[in-house]
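A.B. asks: I have a structure I would like to understand better, so I am pasting it below and will then ask my questions one at a time.
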Amino acid sequence: MNSTNKESAMENGLLMVNTGDGKGKTTAALGLGLRAAGHGMKVLMLQFFKGPWLTGEICAAKRLEPDFKITQLGQGFVKTRKEEHSKATLENARVSWDYAKQEIFSDLYDIIILDEINNMIDHGLLSVEELISVLKERPKRLTIILTGRNAHDRIIELADMVTEMREIKHHYKSGIKAQKGIEF
């Protein structure tokens with residue numbers, strides 16, 4: 001893609017949502033990020049829940065830097081009830097969101113993937129109003145992809161595209177554990 005086409009393609013960024021109970025929300029966002037990086041676009045994925053463990057996507061993204069970068073912000077998956085978050089979890093959520101806002105307004109990226117941001121709202125770690133405010137004020141050319149279960153109705157209404165992944169069958173239910181290259 002020449003620079004003229006790239007500029008016109010990024011004139012109006014999109015708001016995209018991958019949600020639902022099925023597998024593939026993050027994977028679909030990664031695929032779109034890979035496609036964009038292939039066209040020379042700058043992509044940042046911020047992972048809000050995934051903790052500091054090595055995954056296949058981290059290894060692959062390192063090979064694609066500086067066009068594709070993944071930053072893990074989370075402490076690991078949150079398993080407590082929404083109203084019972086630890087101080088450490090609340091602080092991590094605040095610091096992570098502050099970092100995300102800084103990156104969104106930096107105007108350094110063409111696409112930012114906010115991985116599991118829907119879960120942040122669903123778990124009461126971020127208000128939907130705060131997210132909507134930032135989404136509306138982001139640089140006009142920036143495409144943002146929101147992933148995670150239970151996307152808020154107001155986010156769905158605001159989005160340009162929403163995809164719901166629906167589980168029909170999952171290997172976990174037949175006792176097959178998470179596998180390298182499939183789940184991580």
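Each chain in the structure tokens gets a letter, A, B and so on, in the order shown; residues start at 1 in every chain, and ligands are counted from 1 in the order they appear.
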Per DSSP on the backbone, what are the strand (DSSP E) residues of segment 16-160 of chain A, as a ChimeraX atom specification?
C.D. replies: /A:16-19,43-47,68-72,111-115,143-147
A.B. asks: How would the residues just chosen look if you wrote them out with C-alpha atoms as an mmCIF file, in the first residue's frame?
C.D. replies:
```
data_model
loop_
_atom_site.group_PDB
_atom_site.id
_atom_site.type_symbol
_atom_site.label_atom_id
_atom_site.label_comp_id
_atom_site.auth_asym_id
_atom_site.auth_seq_id
_atom_site.Cartn_x
_atom_site.Cartn_y
_atom_site.Cartn_z
ATOM 1 C CA MET A 16 -14.757 -2.659 16.497
ATOM 2 C CA VAL A 17 -15.950 -5.077 19.183
ATOM 3 C CA ASN A 18 -15.278 -8.815 19.526
ATOM 4 C CA THR A 19 -17.466 -10.241 22.272
ATOM 5 C CA VAL A 43 -0.466 -1.781 15.917
ATOM 6 C CA LEU A 44 -0.520 -1.907 19.709
ATOM 7 C CA MET A 45 -2.325 -4.555 21.731
ATOM 8 C CA LEU A 46 -2.840 -3.816 25.418
ATOM 9 C CA GLN A 47 -3.817 -6.885 27.423
ATOM 10 C CA PHE A 68 3.165 -4.787 16.092
ATOM 11 C CA LYS A 69 3.641 -4.492 19.828
ATOM 12 C CA ILE A 70 1.877 -6.261 22.709
ATOM 13 C CA THR A 71 1.985 -4.954 26.269
ATOM 14 C CA GLN A 72 0.652 -7.112 29.092
ATOM 15 C CA ILE A 111 -4.776 0.409 15.489
ATOM 16 C CA ILE A 112 -4.977 -0.193 19.221
ATOM 17 C CA ILE A 113 -6.456 -3.422 20.519
ATOM 18 C CA LEU A 114 -7.835 -3.158 24.059
ATOM 19 C CA ASP A 115 -7.828 -6.857 24.877
ATOM 20 C CA THR A 143 -9.092 2.277 14.875
ATOM 21 C CA ILE A 144 -9.750 0.660 18.246
ATOM 22 C CA ILE A 145 -10.712 -2.963 18.758
ATOM 23 C CA LEU A 146 -12.352 -3.917 22.062
ATOM 24 C CA THR A 147 -12.366 -7.569 23.070
#
```
A.B. asks: To one decimal place, how far is atom CA of Leu15 of chain A from atom CA of Leu126 of chain A in Å?
C.D. replies: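 Answer for the atom CA of Leu15 of chain A to atom CA of Leu126 of chain A separation: 18.1 Å.
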A.B. asks: Using only C-alpha atoms, which residues sit within 12 Å of Gln179 of chain A once same-chain residues fewer than 6 positions away are excluded, as number ranges by chain?
C.D. replies: A: 55-56, 171-172
A.B. asks: Write the residues of the selection above to a file with C-alpha atoms, as a PDB file, in the first residue's frame.
C.D. replies:
```
ATOM      1  CA  THR A  55       2.371 -16.660  25.117  1.00  0.00           C
ATOM      2  CA  GLY A  56       2.684 -17.458  21.438  1.00  0.00           C
ATOM      3  CA  HIS A 171     -12.643 -29.236  23.894  1.00  0.00           C
ATOM      4  CA  TYR A 172     -12.333 -28.211  27.584  1.00  0.00           C
TER       5      TYR A 172
END
```
A.B. asks: Between A:Asp110, A:Ala88, A:Phe105, A:Glu130, which is the closest to Leu32 of chain A once you count only C-alpha atoms?
C.D. replies: A:Asp110
A.B. asks: Identify, with DSSP run on backbone atoms, the residues in segment 51-160 of chain A assigned to helix (DSSP H, G or I), and express the list as a PyMOL selection string.
C.D. replies: chain A and resi 56-64+82-84+87-105+117-122+128-137+153-158
A.B. asks: For a quick check of understanding, using only C-alpha atoms, which of A:Ile132, A:Met120, A:Met165, A:Ala178 has the smallest distance to Thr27 of chain A?
C.D. replies: A:Met165
A.B. asks: Kindly give the distance, in Å, that separates atom CA of Lys62 of chain A and atom CA of Ala29 of chain A, rounded to a single decimal.
C.D. replies: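 Atom-to-atom, atom CA of Lys62 of chain A to atom CA of Ala29 of chain A, that is 16.7 Å.
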